[in-house]
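Engineer: What follows is structure_21.cif; its format and atoms are mmCIF, C-alpha atoms.
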data_entry
#
loop_
_atom_site.group_PDB
_atom_site.id
_atom_site.type_symbol
_atom_site.label_atom_id
_atom_site.label_comp_id
_atom_site.auth_asym_id
_atom_site.auth_seq_id
_atom_site.Cartn_x
_atom_site.Cartn_y
_atom_site.Cartn_z
ATOM 1 C CA MET T 963 0.000 0.000 0.000
ATOM 2 C CA GLU T 964 1.387 3.376 -0.962
ATOM 3 C CA ASN T 965 1.195 6.264 1.456
ATOM 4 C CA SER T 966 -0.950 9.188 0.377
ATOM 5 C CA SER T 967 1.506 11.596 2.026
ATOM 6 C CA TYR T 968 3.746 11.261 -1.035
ATOM 7 C CA ASP T 969 3.276 14.496 -2.937
ATOM 8 C CA PRO T 970 3.817 13.508 -6.587
ATOM 9 C CA TYR T 971 5.216 16.964 -7.386
ATOM 10 C CA VAL T 972 7.691 16.972 -4.512
ATOM 11 C CA THR T 973 8.907 13.382 -4.369
ATOM 12 C CA GLU T 974 10.465 10.923 -6.728
ATOM 13 C CA ARG T 975 9.473 7.359 -5.847
ATOM 14 C CA ILE T 976 12.173 4.703 -5.531
ATOM 15 C CA ARG T 977 11.248 1.148 -6.494
ATOM 16 C CA ARG T 978 12.727 -2.304 -6.837
ATOM 17 C CA PHE T 979 12.527 -3.762 -10.326
ATOM 18 C CA ASP T 980 9.565 -5.924 -9.319
ATOM 19 C CA GLY T 981 7.639 -2.686 -8.686
ATOM 20 C CA THR T 982 7.927 -2.723 -4.886
ATOM 21 C CA LEU T 983 8.008 0.799 -3.491
ATOM 22 C CA ILE T 984 11.003 1.240 -1.167
ATOM 23 C CA GLY T 985 11.014 4.977 -0.607
ATOM 24 C CA GLY T 986 10.819 8.522 -1.840
ATOM 25 C CA CYS T 987 13.315 11.270 -2.503
ATOM 26 C CA TYR T 988 12.267 14.849 -1.895
ATOM 27 C CA LEU T 989 13.343 17.308 -4.563
ATOM 28 C CA ALA T 990 15.602 20.076 -3.251
ATOM 29 C CA PRO T 991 13.705 23.050 -4.726
ATOM 30 C CA PHE T 992 10.616 22.181 -2.677
ATOM 31 C CA MET T 993 12.310 21.567 0.649
ATOM 32 C CA TYR T 994 13.712 24.785 1.948
ATOM 33 C CA LEU T 995 12.080 27.650 3.752
ATOM 34 C CA GLU T 996 11.873 31.104 2.241
ATOM 35 C CA GLN T 997 11.434 32.693 5.652
ATOM 36 C CA GLU T 998 14.284 33.942 7.806
ATOM 37 C CA SER T 999 14.089 30.902 10.080
ATOM 38 C CA THR T 1000 17.192 28.764 10.418
ATOM 39 C CA ALA T 1001 15.092 25.617 10.065
ATOM 40 C CA LEU T 1002 16.553 23.169 7.589
ATOM 41 C CA LEU T 1003 13.381 21.597 6.240
ATOM 42 C CA ASN T 1004 10.070 23.050 5.148
ATOM 43 C CA GLY T 1005 7.283 23.770 7.599
ATOM 44 C CA SER T 1006 5.506 20.468 7.048
ATOM 45 C CA ASN T 1007 8.578 18.658 8.408
ATOM 46 C CA ILE T 1008 8.740 15.773 5.967
ATOM 47 C CA VAL T 1009 10.295 13.494 8.534
ATOM 48 C CA SER T 1010 7.496 13.999 11.073
ATOM 49 C CA ASN T 1011 5.231 11.138 12.085
ATOM 50 C CA HIS T 1012 2.313 12.122 9.858
ATOM 51 C CA ASN T 1013 4.527 12.224 6.791
ATOM 52 C CA GLN T 1014 6.485 9.039 7.351
ATOM 53 C CA LEU T 1015 6.084 6.298 4.818
ATOM 54 C CA SER T 1016 3.627 3.516 5.496
ATOM 55 C CA ASP T 1017 6.254 0.882 6.233
ATOM 56 C CA ALA T 1018 9.224 1.395 8.564
ATOM 57 C CA LEU T 1019 11.458 -0.305 5.990
ATOM 58 C CA GLU T 1020 10.727 2.287 3.333
ATOM 59 C CA LEU T 1021 13.224 5.105 2.867
ATOM 60 C CA ILE T 1022 13.020 8.879 2.907
ATOM 61 C CA ILE T 1023 15.847 10.576 1.025
ATOM 62 C CA ILE T 1024 16.535 14.199 2.002
ATOM 63 C CA PRO T 1025 18.920 15.998 -0.382
ATOM 64 C CA LEU T 1026 21.072 18.655 1.287
ATOM 65 C CA MET T 1027 23.204 21.236 -0.469
ATOM 66 C CA GLY T 1028 24.648 24.708 -0.096
ATOM 67 C CA ASN T 1029 23.668 26.623 3.043
ATOM 68 C CA SER T 1030 21.335 23.858 4.204
ATOM 69 C CA LEU T 1031 24.188 21.368 4.196
ATOM 70 C CA VAL T 1032 26.481 23.864 5.947
ATOM 71 C CA HIS T 1033 23.870 24.479 8.703
ATOM 72 C CA PHE T 1034 23.431 20.741 9.135
ATOM 73 C CA LEU T 1035 27.190 20.118 9.386
ATOM 74 C CA GLN T 1036 27.682 22.980 11.855
ATOM 75 C CA ALA T 1037 25.154 21.529 14.305
ATOM 76 C CA PRO T 1038 24.165 17.962 13.354
ATOM 77 C CA GLU T 1039 22.873 17.392 16.882
ATOM 78 C CA ASN T 1040 19.955 19.696 15.992
ATOM 79 C CA TYR T 1041 18.777 17.254 13.314
ATOM 80 C CA SER T 1042 18.123 14.067 15.232
ATOM 81 C CA SER T 1043 15.111 13.317 13.008
ATOM 82 C CA LEU T 1044 17.566 12.747 10.158
ATOM 83 C CA GLN T 1045 19.105 9.901 12.174
ATOM 84 C CA MET T 1046 15.976 7.777 11.929
ATOM 85 C CA LYS T 1047 16.716 4.359 10.471
ATOM 86 C CA ASN T 1048 14.644 4.992 7.348
ATOM 87 C CA VAL T 1049 16.162 8.416 6.534
ATOM 88 C CA ARG T 1050 19.069 8.954 4.157
ATOM 89 C CA ILE T 1051 20.759 12.282 3.417
ATOM 90 C CA GLY T 1052 21.495 12.843 -0.272
ATOM 91 C CA ILE T 1053 24.614 14.794 -1.196
ATOM 92 C CA ASN T 1054 26.411 15.417 -4.463
ATOM 93 C CA TYR T 1055 30.069 14.887 -5.310
ATOM 94 C CA ALA T 1056 30.949 18.591 -5.069
ATOM 95 C CA SER T 1057 29.702 18.640 -1.459
ATOM 96 C CA LEU T 1058 31.654 15.477 -0.664
ATOM 97 C CA VAL T 1059 34.869 17.140 -1.812
ATOM 98 C CA MET T 1060 34.159 20.518 -0.208
ATOM 99 C CA TYR T 1061 33.070 19.199 3.216
ATOM 100 C CA ALA T 1062 34.871 15.847 3.330
ATOM 101 C CA THR T 1063 36.057 16.019 6.947
ATOM 102 C CA ALA T 1064 32.752 17.217 8.394
ATOM 103 C CA LEU T 1065 30.774 14.694 6.324
ATOM 104 C CA ARG T 1066 32.974 11.815 7.486
ATOM 105 C CA LYS T 1067 32.356 12.853 11.069
ATOM 106 C CA ALA T 1068 28.601 13.104 10.446
ATOM 107 C CA ALA T 1069 28.606 9.682 8.752
ATOM 108 C CA GLN T 1070 29.252 8.124 12.157
ATOM 109 C CA HIS T 1071 25.646 9.016 13.071
ATOM 110 C CA PHE T 1072 23.820 9.675 9.772
ATOM 111 C CA SER T 1073 23.357 7.661 6.596
ATOM 112 C CA PHE T 1074 24.321 9.219 3.237
ATOM 113 C CA TRP T 1075 23.527 8.599 -0.422
ATOM 114 C CA ILE T 1076 25.512 10.196 -3.237
ATOM 115 C CA TYR T 1077 23.865 11.657 -6.314
ATOM 116 C CA ASP T 1078 25.737 12.872 -9.400
ATOM 117 C CA LEU T 1079 28.163 9.988 -8.935
ATOM 118 C CA ALA T 1080 30.782 10.791 -11.533
ATOM 119 C CA PRO T 1081 31.014 14.374 -12.720
ATOM 120 C CA PRO T 1082 34.124 15.256 -14.738
ATOM 121 C CA GLY T 1083 37.234 15.186 -12.551
ATOM 122 C CA THR T 1084 35.871 12.656 -10.061
ATOM 123 C CA CYS T 1085 38.466 11.007 -7.828
ATOM 124 C CA TRP T 1086 37.116 7.491 -7.234
ATOM 125 C CA GLU T 1087 39.055 7.211 -3.995
ATOM 126 C CA ASN T 1088 36.829 9.928 -2.487
ATOM 127 C CA ILE T 1089 33.755 7.837 -3.244
ATOM 128 C CA ALA T 1090 35.266 4.452 -2.384
ATOM 129 C CA SER T 1091 36.514 5.623 1.000
ATOM 130 C CA PHE T 1092 33.243 7.240 2.134
ATOM 131 C CA PRO T 1093 30.656 5.002 3.868
ATOM 132 C CA PHE T 1094 27.728 5.677 1.516
ATOM 133 C CA SER T 1095 24.680 3.489 2.039
ATOM 134 C CA GLY T 1096 23.410 4.338 -1.426
ATOM 135 C CA ILE T 1097 24.725 5.463 -4.788
ATOM 136 C CA VAL T 1098 22.407 6.979 -7.382
ATOM 137 C CA LEU T 1099 23.414 6.869 -11.024
ATOM 138 C CA THR T 1100 22.180 9.414 -13.530
ATOM 139 C CA ASP T 1101 20.578 8.118 -16.700
ATOM 140 C CA GLU T 1102 23.382 9.736 -18.714
ATOM 141 C CA PHE T 1103 26.148 8.082 -16.669
ATOM 142 C CA PHE T 1104 24.403 4.711 -16.877
ATOM 143 C CA ASN T 1105 23.843 4.879 -20.642
ATOM 144 C CA ASP T 1106 27.446 5.977 -21.269
ATOM 145 C CA ASN T 1107 28.965 3.218 -19.140
ATOM 146 C CA TYR T 1108 26.813 0.118 -18.688
ATOM 147 C CA LEU T 1109 28.282 -1.681 -21.702
ATOM 148 C CA LYS T 1110 31.874 -1.124 -20.533
ATOM 149 C CA PHE T 1111 33.692 -4.148 -19.174
ATOM 150 C CA SER T 1112 34.517 -2.493 -15.824
ATOM 151 C CA PHE T 1113 30.974 -1.277 -15.089
ATOM 152 C CA PRO T 1114 29.626 -4.431 -13.360
ATOM 153 C CA PHE T 1115 32.768 -4.582 -11.204
ATOM 154 C CA LEU T 1116 32.309 -0.968 -10.092
ATOM 155 C CA LEU T 1117 28.702 -1.603 -9.111
ATOM 156 C CA GLY T 1118 29.538 -5.000 -7.631
ATOM 157 C CA SER T 1119 32.014 -3.356 -5.252
ATOM 158 C CA CYS T 1120 29.259 -0.970 -4.131
ATOM 159 C CA ARG T 1121 26.857 -3.854 -3.531
ATOM 160 C CA GLU T 1122 29.551 -5.726 -1.548
ATOM 161 C CA ARG T 1123 29.451 -2.784 0.865
ATOM 162 C CA GLU T 1124 25.680 -3.377 1.034
ATOM 163 C CA ALA T 1125 25.052 0.013 -0.559
ATOM 164 C CA GLU T 1126 21.913 0.463 -2.622
ATOM 165 C CA VAL T 1127 22.709 1.182 -6.264
ATOM 166 C CA ILE T 1128 19.817 3.133 -7.766
ATOM 167 C CA LEU T 1129 19.281 4.410 -11.307
ATOM 168 C CA ARG T 1130 17.537 7.814 -11.501
ATOM 169 C CA THR T 1131 15.695 7.849 -14.818
ATOM 170 C CA GLN T 1132 12.412 8.968 -16.339
ATOM 171 C CA GLN T 1133 11.892 5.598 -17.989
ATOM 172 C CA LEU T 1134 13.571 2.198 -17.907
ATOM 173 C CA SER T 1135 14.896 1.218 -21.327
ATOM 174 C CA LEU T 1136 16.325 -2.269 -20.706
ATOM 175 C CA PRO T 1137 14.668 -5.490 -19.543
ATOM 176 C CA MET T 1138 14.411 -5.603 -15.727
ATOM 177 C CA ALA T 1139 16.692 -8.652 -15.508
ATOM 178 C CA LYS T 1140 19.492 -6.700 -17.232
ATOM 179 C CA TYR T 1141 19.536 -4.080 -14.455
ATOM 180 C CA GLU T 1142 19.680 -6.797 -11.809
ATOM 181 C CA ASP T 1143 22.532 -8.527 -13.690
ATOM 182 C CA LEU T 1144 24.398 -5.203 -13.528
ATOM 183 C CA GLN T 1145 24.038 -5.116 -9.701
ATOM 184 C CA ILE T 1146 21.500 -2.259 -9.728
ATOM 185 C CA SER T 1147 19.054 -2.644 -6.855
ATOM 186 C CA GLY T 1148 16.281 -0.279 -7.944
ATOM 187 C CA TRP T 1149 15.295 2.891 -9.749
ATOM 188 C CA GLN T 1150 14.182 6.386 -8.858
ATOM 189 C CA GLU T 1151 11.418 7.822 -11.046
ATOM 190 C CA GLN T 1152 12.938 11.070 -12.296
ATOM 191 C CA ARG T 1153 10.232 13.757 -12.476
ATOM 192 C CA THR T 1154 12.285 16.707 -13.754
ATOM 193 C CA SER T 1155 14.874 17.161 -16.457
ATOM 194 C CA THR T 1156 17.284 18.767 -13.991
ATOM 195 C CA THR T 1157 19.730 17.226 -11.599
ATOM 196 C CA LEU T 1158 18.364 16.600 -8.129
ATOM 197 C CA PHE T 1159 20.372 19.444 -6.629
ATOM 198 C CA GLU T 1160 19.476 22.250 -9.040
ATOM 199 C CA VAL T 1161 17.314 24.995 -7.565
#
Written as structure tokens, that's how I'd like the structure from this file.

Structural biologist:
Amino acid sequence: MENSSYDPYVTERIRRFDGTLIGGCYLAPFMYLEQESTALLNGSNIVSNHNQLSDALELIIIPLMGNSLVHFLQAPENYSSLQMKNVRIGINYASLVMYATALRKAAQHFSFWIYDLAPPGTCWENIASFPFSGIVLTDEFFNDNYLKFSFPFLLGSCREREAEVILRTQQLSLPMAKYEDLQISGWQEQRTSTTLFEV
């Protein structure tokens, strides 16, 4: 049963390839306050009890960037709701590089997913050495790389760490079994043409 608290214009659903709903990712442009408050999330508090997903195993992905990420890293103790077992914080590669030390410290208490996995100039050691619980591939990255010999090994190493490997796409173009053969654990229904972190 899907939870009616999913706002189809604010979330992107994440599913297994058998269609099972496993979570939702909130889109950054809809999350942040326009008021002068220092609150990180919008007034409806998407991690509050009335907005939690119907099953405790389902995931809520909260993307953080820019000033919101800085506020979070300056006082992570103020965001205990983001430590819930079904909450993941989404960051991009630029944030990982810029705030590496603070993010590693926060990763002792919070769970992170990385979006925009491989922008130009990516140092794979930065990604391999960070304890991500999920990695989200863009459609472009997937289409450019899935036929390469090394691609299944890259994703296999992520799955060995028990990290989710998710494809963010508007539409699946291969047979479901092919994605599973490539070690991809699910897909995120992309609702916009922009990257998750554009505002």

Engineer: Translate the PyMOL selection byres ((chain T and resi 1066) around 12), as applied to the file shown, into an explicit residue set as an NGL selection string.

Structural biologist: :T and (1035 or 1057-1065 or 1067-1074 or 1088-1089 or 1091-1094)

Engineer: Which residue gives the smallest distance to Met1138 in chain T among T:Pro1038, T:Gly981, T:Arg1123, T:Glu974, with only C-alpha atoms counted?

Structural biologist: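 Checking each of T:Pro1038, T:Gly981, T:Arg1123, T:Glu974 against Met1138 in chain T, counting only C-alpha atoms, the winner is T:Gly981.
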
Engineer: What lies within 10 Å of Asp980 in chain T using only C-alpha atoms, ignoring chain neighbours under 2 positions off, as a compact mmCIF listing (two decimals) with C-alpha atoms, keeping the file's coordinate frame?

Structural biologist:
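Heads up, here's the output in selection.txt:
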# COMPACT_ATOMS: atom_id res chain seq x y z
CA ARG T 977 11.25 1.15 -6.49
CA ARG T 978 12.73 -2.30 -6.84
CA THR T 982 7.93 -2.72 -4.89
CA LEU T 983 8.01 0.80 -3.49
CA MET T 1138 14.41 -5.60 -15.73
CA ALA T 1139 16.69 -8.65 -15.51
CA GLY T 1148 16.28 -0.28 -7.94

Engineer: Please, what distance in Å, to one decimal, runs between CA of Gly985 in chain T and CA of Ile1023 in chain T?

Structural biologist: 7.6 Å

Engineer: Any idea what the distance is between CA of Phe1113 in chain T and CA of Gln1145 in chain T?

Structural biologist: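 If I compute the distance from CA of Phe1113 in chain T to CA of Gln1145 in chain T, I get 9.6 Å.
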
Engineer: Considering only C-alpha atoms, can you say which of T:Leu1129, T:Ile1053, T:Leu1117, T:Val1032 comes closest to Arg975 in chain T?

Structural biologist: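 Selected residue with least distance to Arg975 in chain T: T:Leu1129.
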
Engineer: Tell me, in Å to one decimal, how far CA of Leu1044 in chain T is from CA of Leu1021 in chain T.

Structural biologist: 11.4 Å

Engineer: Which residues, protein or nucleic acid, reach to within 12 Å of (28.7, 6.9, -14.7) in the file's coordinates when using all atoms listed in the file, and can you give that as a PyMOL selection string?

Structural biologist: chain T and resi 1077-1082+1084+1086+1097-1110+1112-1114+1116-1117+1127-1130

Engineer: Pick the closest to Phe1115 in chain T from T:Arg1050, T:Ile1146, T:His1033, T:Pro1137: which is it, counting all atoms listed in the file?

Structural biologist: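 Among the listed residues, the smallest separation from Phe1115 in chain T belongs to T:Ile1146.
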
Engineer: Would you compute an axis-aligned box for range 1115-1123 of chain T, covering every atom listed for it in the file with 6 Å of margin on each side, and report centre and edge lengths in Å to one decimal as AutoDock Vina command-line options?

Structural biologist:
--center_x 29.8 --center_y -3.3 --center_z -5.2 --size_x 17.9 --size_y 16.8 --size_z 24.1

Engineer: Quick check on the file I pasted: which residues fall under the PyMOL selection byres ((chain T and resi 1151) around 7)? Write them as a count of residues only.

Structural biologist: 10

Engineer: I need the residue set behind the PyMOL selection byres ((chain T and resi 1027) around 8) for this file; please write it as a PyMOL selection string.

Structural biologist: chain T and resi 1025-1026+1028-1032+1053-1054+1057+1159

Engineer: Put those residues in a file: C-alpha atoms, as a PDB file, keeping the file's coordinate frame.

Structural biologist:
ATOM      1  CA  PRO T1025      18.920  15.998  -0.382  1.00  0.00           C
ATOM      2  CA  LEU T1026      21.072  18.655   1.287  1.00  0.00           C
ATOM      3  CA  GLY T1028      24.648  24.708  -0.096  1.00  0.00           C
ATOM      4  CA  ASN T1029      23.668  26.623   3.043  1.00  0.00           C
ATOM      5  CA  SER T1030      21.335  23.858   4.204  1.00  0.00           C
ATOM      6  CA  LEU T1031      24.188  21.368   4.196  1.00  0.00           C
ATOM      7  CA  VAL T1032      26.481  23.864   5.947  1.00  0.00           C
ATOM      8  CA  ILE T1053      24.614  14.794  -1.196  1.00  0.00           C
ATOM      9  CA  ASN T1054      26.411  15.417  -4.463  1.00  0.00           C
ATOM     10  CA  SER T1057      29.702  18.640  -1.459  1.00  0.00           C
ATOM     11  CA  PHE T1159      20.372  19.444  -6.629  1.00  0.00           C
TER      12      PHE T1159
END
